[in-house]
Amino acid sequence: MDLVFILDSSTSMGYDNFNKMKAFVKRFLQAAYTVCWEMRVGLMSYSTRVTIEFHLNTYHTKTELIDAVDRIHWTYGSTNTADALKTMHEEMFSEPNGDRPGVRNICIFITDGVSNIKHDRTIPEAEKAREKGIHIFAIGIALKDLWEVNDFESQPGCLNAFVVDVFDDLEDLDKKIFKSYCSDGLFDDLPDSFDTQANEQLKKLEMENTMQVISNE
């Protein structure tokens, strides 16, 4: 599959919560690569403006991707969801930037608020993405108003929209997203220890990186 993450980097996120989103992405990648070795991953963040952090063809290994996620910075600003969706379906999922014909296109969109810039364009841009065959999972965190998230994810909403009360609850979503999308059974045999194994592998990788930094000093 070709997978693009969109991370809300607006002011309401805050530094600590933005890092929790990054931790979720790293856990997701650690887990996904245990069953989907040919996956390509891109990532973008957005607030007032959109930042493409890396394209689908920028990195080719799990370690490279996790290191790249670590380097992403919280930028703060307003919530320009419309431009984020537009950039996703026009630029991120394009062949020059690594999108492969005939391969599933999946977008995981994480936000904590309703758009407050170009809000009238948010749903139309989501519709354009879905018309191109891009499957959108929307993750809303501590949202008081769910109408926008419920309108721009793929249908049925009960399978493709996830709402959690606090950022710490992101830890439990990766396996749910896998099982929700893969009706062909690709992830049906994931063990109960799936999330634990992913976290252990991620901690091991982070320890190795720390030891590498120490040895270079």
# chains A, B, ... in the order shown; residues from 1 in each chain; ligands from 1
>>> residues_around(residues="segment 18-22 of chain A", least_positions_apart="4", cutoff="9 Å", atoms="only C-alpha atoms", output="list in words")
Leu7, Asp8, Ser9, Met13, Gly14, Lys26, Arg27, Val69, Asp70, Ile72, His73, Trp74, Ile110, Phe167, Asp168 and Leu170 of chain A
>>> residues_around(residues="Phe93 of chain A", least_positions_apart="3", cutoff="10 Å", atoms="only C-alpha atoms", output="list in words")
Asp2, Leu3, Val4, Gly42, His55, Leu56, Thr87, Met88, His89, Glu90, Pro96, Asn97, Gly98, Asp99, Arg100, Asn105, Ile106, Cys107, Ala129, Lys132 and Ile134 of chain A
>>> write_last_selection(atoms="C-alpha atoms", output="PDB file, in the first residue's frame")
ATOM      1  CA  ASP A   2       0.954   3.657  -0.453  1.00  0.00           C
ATOM      2  CA  LEU A   3       0.263   5.477   2.802  1.00  0.00           C
ATOM      3  CA  VAL A   4       0.255   9.200   3.589  1.00  0.00           C
ATOM      4  CA  GLY A  42       4.770   9.879   2.923  1.00  0.00           C
ATOM      5  CA  HIS A  55       7.168  12.012  -0.167  1.00  0.00           C
ATOM      6  CA  LEU A  56       6.274   8.383  -0.804  1.00  0.00           C
ATOM      7  CA  THR A  87      -1.965  18.829  -1.231  1.00  0.00           C
ATOM      8  CA  MET A  88      -2.472  15.212  -0.269  1.00  0.00           C
ATOM      9  CA  HIS A  89      -4.523  14.220  -3.319  1.00  0.00           C
ATOM     10  CA  GLU A  90      -2.792  16.498  -5.859  1.00  0.00           C
ATOM     11  CA  PRO A  96       6.413  11.647  -9.751  1.00  0.00           C
ATOM     12  CA  ASN A  97       6.311  11.654  -5.945  1.00  0.00           C
ATOM     13  CA  GLY A  98       6.150   7.900  -5.560  1.00  0.00           C
ATOM     14  CA  ASP A  99       2.501   6.873  -5.953  1.00  0.00           C
ATOM     15  CA  ARG A 100       2.293   3.505  -7.706  1.00  0.00           C
ATOM     16  CA  ASN A 105      -3.818   4.630  -1.548  1.00  0.00           C
ATOM     17  CA  ILE A 106      -4.479   5.246   2.136  1.00  0.00           C
ATOM     18  CA  CYS A 107      -4.467   8.519   4.070  1.00  0.00           C
ATOM     19  CA  ALA A 129      -9.579  12.635  -2.818  1.00  0.00           C
ATOM     20  CA  LYS A 132      -9.502   9.369  -6.923  1.00  0.00           C
ATOM     21  CA  ILE A 134      -7.899   7.452  -1.825  1.00  0.00           C
TER      22      ILE A 134
END
>>> atom_distance(atom1="atom CA of Ser45 of chain A", atom2="atom CA of Glu95 of chain A")
20.5 Å
>>> residues_around(residues="Phe109 of chain A", least_positions_apart="3", cutoff="9 Å", atoms="only C-alpha atoms", output="number ranges by chain")
A: 4-8, 136-140, 153
>>> closest_residue(among="A:Ser115, A:Gln30, A:Asn17, A:Thr48", to="Asp67 of chain A", atoms="only C-alpha atoms")
A:Gln30
